[in-house]
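Raw target-v6.pdb, PDB, C-alpha atoms:
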ATOM      1  CA  MET P   1      -0.513   1.768   3.451
ATOM      2  CA  ASP P   2       0.347   4.184   0.655
ATOM      3  CA  GLY P   3      -2.589   4.955  -1.588
ATOM      4  CA  LEU P   4      -4.976   2.737   0.363
ATOM      5  CA  LEU P   5      -4.964   4.065   3.941
ATOM      6  CA  LEU P   6      -3.042   7.266   3.311
ATOM      7  CA  ASP P   7      -3.314   9.527   0.280
ATOM      8  CA  SER P   8       0.477   9.520   0.221
ATOM      9  CA  GLU P   9       0.909   8.394  -3.373
ATOM     10  CA  ARG P  10      -0.888  11.480  -4.622
ATOM     11  CA  GLN P  11       0.117  13.968  -1.919
ATOM     12  CA  MET P  12       3.688  12.843  -1.296
ATOM     13  CA  TYR P  13       5.357  10.512  -3.802
ATOM     14  CA  LEU P  14       3.772  11.647  -7.062
ATOM     15  CA  ARG P  15       4.006  15.322  -6.208
ATOM     16  CA  SER P  16       7.624  14.963  -5.096
ATOM     17  CA  GLY P  17       8.548  12.975  -8.193
ATOM     18  CA  VAL P  18       6.996  15.425 -10.625
ATOM     19  CA  GLU P  19       8.485  18.452  -8.836
ATOM     20  CA  THR P  20      11.929  16.830  -8.611
ATOM     21  CA  SER P  21      12.030  15.921 -12.291
ATOM     22  CA  LYS P  22      11.038  19.470 -13.257
ATOM     23  CA  GLU P  23      13.782  20.935 -11.063
ATOM     24  CA  LEU P  24      16.274  18.688 -12.862
ATOM     25  CA  GLY P  25      15.026  19.893 -16.235
ATOM     26  CA  ARG P  26      14.093  16.302 -17.157
ATOM     27  CA  PRO P  27      10.308  16.196 -16.571
ATOM     28  CA  ILE P  28       8.614  12.868 -15.859
ATOM     29  CA  GLU P  29       4.888  12.571 -16.465
ATOM     30  CA  GLU P  30       2.704  11.903 -13.418
ATOM     31  CA  ALA P  31       0.817   9.231 -15.360
ATOM     32  CA  PHE P  32       4.063   7.277 -15.771
ATOM     33  CA  LEU P  33       5.032   7.609 -12.101
ATOM     34  CA  THR P  34       1.686   6.102 -11.076
ATOM     35  CA  THR P  35       2.714   2.868 -12.829
ATOM     36  CA  LEU P  36       5.714   2.608 -10.477
ATOM     37  CA  MET P  37       3.736   2.938  -7.238
ATOM     38  CA  GLY P  38       3.553  -0.002  -4.820
ATOM     39  CA  GLY P  39       6.826  -1.695  -5.698
ATOM     40  CA  SER P  40      10.397  -1.395  -4.464
ATOM     41  CA  TRP P  41      12.475   1.762  -4.919
ATOM     42  CA  THR P  42      14.941  -0.323  -6.941
ATOM     43  CA  ALA P  43      12.153  -1.122  -9.410
ATOM     44  CA  TYR P  44      11.079   2.549  -9.340
ATOM     45  CA  GLU P  45      14.573   3.669 -10.368
ATOM     46  CA  LYS P  46      14.828   0.987 -13.049
ATOM     47  CA  GLY P  47      11.514   2.142 -14.489
ATOM     48  CA  ILE P  48      12.761   5.714 -14.815
ATOM     49  CA  LEU P  49      16.076   4.667 -16.381
ATOM     50  CA  ASP P  50      14.389   2.283 -18.815
ATOM     51  CA  ASN P  51      11.850   4.873 -19.961
ATOM     52  CA  TYR P  52      13.663   8.202 -19.624
ATOM     53  CA  GLY P  53      17.197   7.204 -20.510
ATOM     54  CA  SER P  54      20.109   5.459 -18.825
ATOM     55  CA  ASP P  55      21.734   8.883 -18.415
ATOM     56  CA  TYR P  56      18.922  10.150 -16.163
ATOM     57  CA  PRO P  57      20.642  11.785 -13.126
ATOM     58  CA  MET P  58      19.228   9.437 -10.487
ATOM     59  CA  ASP P  59      21.733  10.418  -7.766
ATOM     60  CA  LYS P  60      20.588  14.027  -7.967
ATOM     61  CA  TYR P  61      16.971  12.912  -8.358
ATOM     62  CA  TRP P  62      17.060  10.948  -5.098
ATOM     63  CA  GLU P  63      18.811  13.766  -3.271
ATOM     64  CA  ILE P  64      16.043  16.244  -4.092
ATOM     65  CA  PHE P  65      13.206  13.692  -3.891
ATOM     66  CA  ASP P  66      14.251  12.386  -0.458
ATOM     67  CA  LYS P  67      14.360  15.879   1.035
ATOM     68  CA  LYS P  68      10.817  16.569  -0.156
ATOM     69  CA  VAL P  69       9.479  13.249   1.138
ATOM     70  CA  ASP P  70      11.327  13.514   4.477
ATOM     71  CA  GLN P  71       9.772  16.922   5.053
ATOM     72  CA  MET P  72       6.277  15.475   4.621
ATOM     73  CA  ILE P  73       6.927  12.291   6.612
ATOM     74  CA  ASN P  74       8.400  14.111   9.596
ATOM     75  CA  TYR P  75       6.320  17.256   9.745
ATOM     76  CA  GLU P  76       3.007  16.697   7.961
ATOM     77  CA  SER P  77      -0.087  14.595   8.613
ATOM     78  CA  ILE P  78      -0.871  12.880   5.329
ATOM     79  CA  PRO P  79      -4.579  12.966   4.428
ATOM     80  CA  LEU P  80      -6.499   9.700   4.717
ATOM     81  CA  ARG P  81      -8.216   7.995   1.821
ATOM     82  CA  PRO P  82     -12.044   8.077   1.892
ATOM     83  CA  GLY P  83     -13.763   5.488   4.103
ATOM     84  CA  VAL P  84     -10.637   4.433   6.013
ATOM     85  CA  ILE P  85     -11.718   5.369   9.543
ATOM     86  CA  GLU P  86     -15.159   3.818   9.009
ATOM     87  CA  VAL P  87     -13.606   0.467   8.039
ATOM     88  CA  LEU P  88     -10.974   0.522  10.780
ATOM     89  CA  ASP P  89     -13.573   1.313  13.447
ATOM     90  CA  TYR P  90     -15.827  -1.437  12.093
ATOM     91  CA  CYS P  91     -13.039  -4.033  12.207
ATOM     92  CA  LYS P  92     -12.015  -2.935  15.696
ATOM     93  CA  GLU P  93     -15.615  -3.243  16.942
ATOM     94  CA  LYS P  94     -15.954  -6.726  15.387
ATOM     95  CA  GLY P  95     -12.633  -7.930  16.813
ATOM     96  CA  ILE P  96     -11.097  -8.395  13.366
ATOM     97  CA  GLN P  97      -7.302  -8.382  13.563
ATOM     98  CA  MET P  98      -5.572  -5.893  11.299
ATOM     99  CA  ALA P  99      -2.050  -5.533   9.943
ATOM    100  CA  VAL P 100      -0.256  -3.124   7.656
ATOM    101  CA  ALA P 101       1.832  -4.825   4.953
ATOM    102  CA  THR P 102       3.791  -2.205   3.029
ATOM    103  CA  SER P 103       6.881  -1.836   0.858
ATOM    104  CA  THR P 104       7.693   1.365   2.779
ATOM    105  CA  LEU P 105      10.617   1.172   5.213
ATOM    106  CA  TYR P 106       9.788   0.594   8.894
ATOM    107  CA  ASP P 107      10.805   3.972  10.329
ATOM    108  CA  ASP P 108       8.934   5.888   7.639
ATOM    109  CA  ALA P 109       5.838   3.698   7.976
ATOM    110  CA  ILE P 110       5.726   4.209  11.747
ATOM    111  CA  LYS P 111       6.045   7.975  11.376
ATOM    112  CA  CYS P 112       3.315   8.155   8.712
ATOM    113  CA  LEU P 113       0.878   5.971  10.648
ATOM    114  CA  SER P 114       1.596   7.821  13.899
ATOM    115  CA  ASN P 115       1.225  11.294  12.398
ATOM    116  CA  SER P 116      -2.063  10.250  10.817
ATOM    117  CA  LYS P 117      -3.356   8.743  14.107
ATOM    118  CA  LEU P 118      -3.779   5.246  12.633
ATOM    119  CA  ILE P 119      -1.055   3.216  14.295
ATOM    120  CA  ASP P 120      -3.091   2.018  17.282
ATOM    121  CA  TYR P 121      -5.548   0.190  15.044
ATOM    122  CA  PHE P 122      -2.976  -2.366  13.947
ATOM    123  CA  GLY P 123      -1.710  -5.419  15.779
ATOM    124  CA  TYR P 124       1.190  -5.937  13.410
ATOM    125  CA  ILE P 125       3.161  -3.937  10.853
ATOM    126  CA  VAL P 126       5.299  -5.549   8.138
ATOM    127  CA  THR P 127       7.529  -3.280   6.068
ATOM    128  CA  GLY P 128       9.833  -3.524   3.084
ATOM    129  CA  ASP P 129      12.970  -3.844   5.194
ATOM    130  CA  MET P 130      11.487  -6.761   7.194
ATOM    131  CA  VAL P 131      11.270  -9.086   4.187
ATOM    132  CA  GLU P 132      13.773 -10.459   1.697
ATOM    133  CA  LYS P 133      11.592  -9.786  -1.353
ATOM    134  CA  THR P 134       9.055  -6.998  -1.831
ATOM    135  CA  LYS P 135       5.879  -6.914  -3.921
ATOM    136  CA  PRO P 136       5.037  -8.515  -6.335
ATOM    137  CA  ASN P 137       6.526 -11.254  -4.144
ATOM    138  CA  PRO P 138       3.846 -12.192  -1.545
ATOM    139  CA  GLU P 139       6.243 -12.428   1.412
ATOM    140  CA  VAL P 140       5.007  -9.234   3.083
ATOM    141  CA  PHE P 141       1.403 -10.535   3.113
ATOM    142  CA  LEU P 142       2.286 -14.077   4.140
ATOM    143  CA  LYS P 143       4.397 -12.775   7.016
ATOM    144  CA  ALA P 144       1.394 -10.858   8.383
ATOM    145  CA  ILE P 145      -0.887 -13.884   8.008
ATOM    146  CA  GLU P 146       1.665 -16.085   9.763
ATOM    147  CA  HIS P 147       1.919 -13.600  12.639
ATOM    148  CA  PHE P 148      -1.803 -13.959  13.396
ATOM    149  CA  ASP P 149      -1.587 -17.757  13.056
ATOM    150  CA  ILE P 150      -4.452 -17.930  10.564
ATOM    151  CA  SER P 151      -4.844 -19.473   7.127
ATOM    152  CA  VAL P 152      -4.696 -17.547   3.872
ATOM    153  CA  ASN P 153      -8.422 -18.158   3.414
ATOM    154  CA  GLU P 154      -9.179 -16.503   6.764
ATOM    155  CA  SER P 155      -7.541 -13.258   5.636
ATOM    156  CA  LEU P 156      -8.340 -10.447   3.240
ATOM    157  CA  VAL P 157      -5.679  -8.432   1.431
ATOM    158  CA  PHE P 158      -6.631  -4.892   0.442
ATOM    159  CA  GLU P 159      -4.690  -3.367  -2.436
ATOM    160  CA  ASP P 160      -4.912  -0.433  -4.819
ATOM    161  CA  GLY P 161      -2.108  -1.179  -7.294
ATOM    162  CA  HIS P 162      -0.814  -3.784  -9.717
ATOM    163  CA  ASN P 163       2.304  -4.835  -7.790
ATOM    164  CA  GLY P 164       0.299  -5.469  -4.643
ATOM    165  CA  ALA P 165      -2.489  -7.232  -6.518
ATOM    166  CA  HIS P 166       0.085  -9.423  -8.245
ATOM    167  CA  ALA P 167       1.671 -10.215  -4.867
ATOM    168  CA  ALA P 168      -1.713 -11.273  -3.464
ATOM    169  CA  LYS P 169      -2.276 -13.563  -6.435
ATOM    170  CA  ASN P 170       1.229 -15.025  -6.115
ATOM    171  CA  GLY P 171       0.445 -15.877  -2.483
ATOM    172  CA  ASN P 172      -3.026 -17.262  -3.256
ATOM    173  CA  CYS P 173      -4.405 -14.568  -0.964
ATOM    174  CA  ARG P 174      -7.980 -13.351  -1.121
ATOM    175  CA  LEU P 175      -7.945  -9.869  -2.639
ATOM    176  CA  ILE P 176     -10.087  -6.750  -2.405
ATOM    177  CA  LEU P 177      -9.103  -4.027  -4.887
ATOM    178  CA  VAL P 178      -9.790  -0.361  -4.138
ATOM    179  CA  GLU P 179      -9.359   1.604  -7.351
ATOM    180  CA  ASP P 180      -7.706   5.025  -7.327
ATOM    181  CA  LEU P 181      -4.571   6.326  -9.047
ATOM    182  CA  ALA P 182      -2.436   3.251  -9.488
ATOM    183  CA  TYR P 183      -2.519   1.030 -12.552
ATOM    184  CA  LEU P 184      -4.587  -2.159 -12.301
ATOM    185  CA  SER P 185      -4.653  -4.761 -15.066
ATOM    186  CA  ASP P 186      -7.726  -6.668 -16.222
ATOM    187  CA  GLU P 187      -6.074  -9.760 -14.762
ATOM    188  CA  ASP P 188      -5.833  -8.058 -11.353
ATOM    189  CA  LYS P 189      -9.528  -7.225 -11.430
ATOM    190  CA  GLU P 190     -10.532 -10.707 -12.548
ATOM    191  CA  TYR P 191      -8.580 -12.281  -9.671
ATOM    192  CA  ALA P 192     -10.047  -9.983  -6.984
ATOM    193  CA  GLU P 193     -13.245 -11.028  -5.247
ATOM    194  CA  MET P 194     -14.311  -7.367  -5.122
ATOM    195  CA  VAL P 195     -13.311  -4.217  -7.008
ATOM    196  CA  ILE P 196     -14.571  -1.091  -5.230
ATOM    197  CA  ASP P 197     -13.971   2.659  -5.369
ATOM    198  CA  ASN P 198     -14.247   3.258  -1.617
ATOM    199  CA  ILE P 199     -12.837   0.919   1.018
ATOM    200  CA  ASN P 200     -15.947   1.231   3.211
ATOM    201  CA  LYS P 201     -17.942  -0.739   0.635
ATOM    202  CA  VAL P 202     -16.284  -3.894   1.956
ATOM    203  CA  ILE P 203     -18.219  -3.728   5.241
ATOM    204  CA  GLU P 204     -21.370  -5.277   3.799
ATOM    205  CA  HIS P 205     -19.252  -7.975   2.113
ATOM    206  CA  ILE P 206     -17.627  -8.967   5.430
ATOM    207  CA  ASP P 207     -20.961  -8.897   7.270
ATOM    208  CA  LYS P 208     -22.528 -11.265   4.762
ATOM    209  CA  GLU P 209     -19.587 -13.665   4.911
ATOM    210  CA  ASN P 210     -19.626 -13.774   8.703
ATOM    211  CA  GLU P 211     -23.394 -14.288   8.771
ATOM    212  CA  THR P 212     -23.029 -17.207   6.378
ATOM    213  CA  ALA P 213     -20.204 -18.729   8.439
ATOM    214  CA  SER P 214     -22.132 -18.411  11.714
ATOM    215  CA  SER P 215     -25.152 -20.189  10.247
ATOM    216  CA  LEU P 216     -23.160 -23.264   9.206
TER     217      LEU P 216
END
Please render this file's structure as structure tokens.
Amino acid sequence: MDGLLLDSERQMYLRSGVETSKELGRPIEEAFLTTLMGGSWTAYEKGILDNYGSDYPMDKYWEIFDKKVDQMINYESIPLRPGVIEVLDYCKEKGIQMAVATSTLYDDAIKCLSNSKLIDYFGYIVTGDMVEKTKPNPEVFLKAIEHFDISVNESLVFEDGHNGAHAAKNGNCRLILVEDLAYLSDEDKEYAEMVIDNINKVIEHIDKENETASSL
């Protein structure tokens, strides 16, 4: 969801993190915060403590950060990433089932998807508090695949960051990478069957695969 459907990583989490750290007088570089996107908040905090000192005032950080994020989640419509509506409309027209698999908590995910008018596209939503282990563990993806009663090979995982890409690989899931802000390793890109800069570029890929399958 974040960074792939919604431009929330740039507009919400990164902005809030940078602003919060400046207010604390302990600035954190935006480039570093991008490396923490897509994982659990526990891993996010550990990353800050490991790189900016064990004395970093995380209690105060979360207090300020959460207020900023809550304001945006509850009262703002987060901008969409380019090509999202085109792909969602295409999949809906073709009868392709869609799910959101995100590390974000359920209540926040529902609010974000509702405010951005995306929620009705999806037949299932899996969130960080619905699984025992978050990305890079593949549980969130496998739970969505299981819900639709399909095989891993009949699904496509879309990701924009390293933790999600690693989770897809750990679950032997087919992976499409959409590059933007988040860090992606060479290994992530080598594993993916496509690396694109706009999600709508996958439409031709899906069309070709379905044409091939129908001719067999």
Output as lines of an AutoDock Vina configuration file the centre and edge lengths (Å, one decimal) of the box along x, y and z of the file that holds every listed atom of range 189-192 of chain P after adding 4 Å on each side.
center_x = -9.6
center_y = -9.8
center_z = -9.8
size_x = 10.0
size_y = 13.1
size_z = 13.6
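Proximity to Tyr61 in chain P at 10 Å, evaluated using all atoms listed in the file and with sequence-adjacent residues fewer than 6 positions away removed, yields P:Gly17, P:Thr20, P:Ser21, P:Glu23, P:Leu24, P:Arg26, P:Glu45.
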* Compile the contact shell of range 103-109 of chain P as JSON, numbers by chain: residues with an atom at most 12 Å away, counting all atoms listed in the file, same-chain residues fewer than 4 positions apart removed. => {"P": [1, 2, 3, 5, 6, 8, 9, 13, 37, 38, 39, 40, 41, 42, 43, 44, 66, 69, 70, 71, 72, 73, 74, 75, 78, 113, 114, 115, 116, 118, 119, 124, 125, 126, 127, 128, 129, 130, 131, 132, 133, 134, 135, 136, 137, 138, 139, 140, 141, 163, 164, 167]}
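Counting only C-alpha atoms, the residue from P:Phe122, P:Ile150, P:Arg81, P:Lys46 that sits nearest to Met58 in chain P is P:Lys46.
The nearest approach to Trp62 in chain P among the residues P:Phe148, P:Glu204, P:Ser214, P:Ser16, with all atoms listed in the file taken into account, belongs to P:Ser16.
All protein, DNA and RNA residues at most 10 Å from (-9.2, -14.0, 7.9) are Ile96, Gln97, Met98, Ile145, Phe148, Asp149, Ile150, Ser151, Val152, Asn153, Glu154, Ser155, Leu156, Val157 and Arg174 of chain P, using all atoms listed in the file.
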* To do: Apply the PyMOL selection byres ((chain P and resi 182) around 12) to the file shown and report the selected residues as a PyMOL selection string.
  => chain P and resi 2-4+7-10+14+30-39+159-165+177-181+183-185+188
* **Residue nearest Tyr191 in chain P - candidates P:Lys208, P:Lys22, P:Lys169, P:Lys94, atoms counted: only C-alpha atoms** => P:Lys169
* Structure fact -> Residue with the minimum atom-to-atom distance to Leu88 in chain P, picked from P:Ile48, P:Val202, P:Ile196, P:Ala213 with only C-alpha atoms counted, is P:Val202
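Interatomic distance, CA of Ile85 in chain P to CA of His166 in chain P: 26.0 Å.
Taking CA of Leu142 in chain P as the reference point, CA of Asn170 in chain P is found at 10.4 Å.
Evaluated against the shown file, the PyMOL selection byres ((chain P and resi 86) around 12) gives P:Leu5, P:Leu80, P:Arg81, P:Pro82, P:Gly83, P:Val84, P:Ile85, P:Val87, P:Leu88, P:Asp89, P:Tyr90, P:Cys91, P:Lys92, P:Glu93, P:Tyr121, P:Asn198, P:Ile199, P:Asn200, P:Lys201, P:Val202, P:Ile203.
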* Length of the CA of Glu29 in chain P to CA of Asp50 in chain P vector [Å] -> 14.2 Å
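Closest approach to Gly25 in chain P among P:Ala101, P:Met12, P:Lys60, P:Lys143 is made by P:Lys60 (distances from all atoms listed in the file).
Here the question is which of P:Gln11, P:Gly123, P:Lys111, P:Thr102 gets nearest to Pro79 in chain P using all atoms listed in the file, and that residue is P:Gln11.
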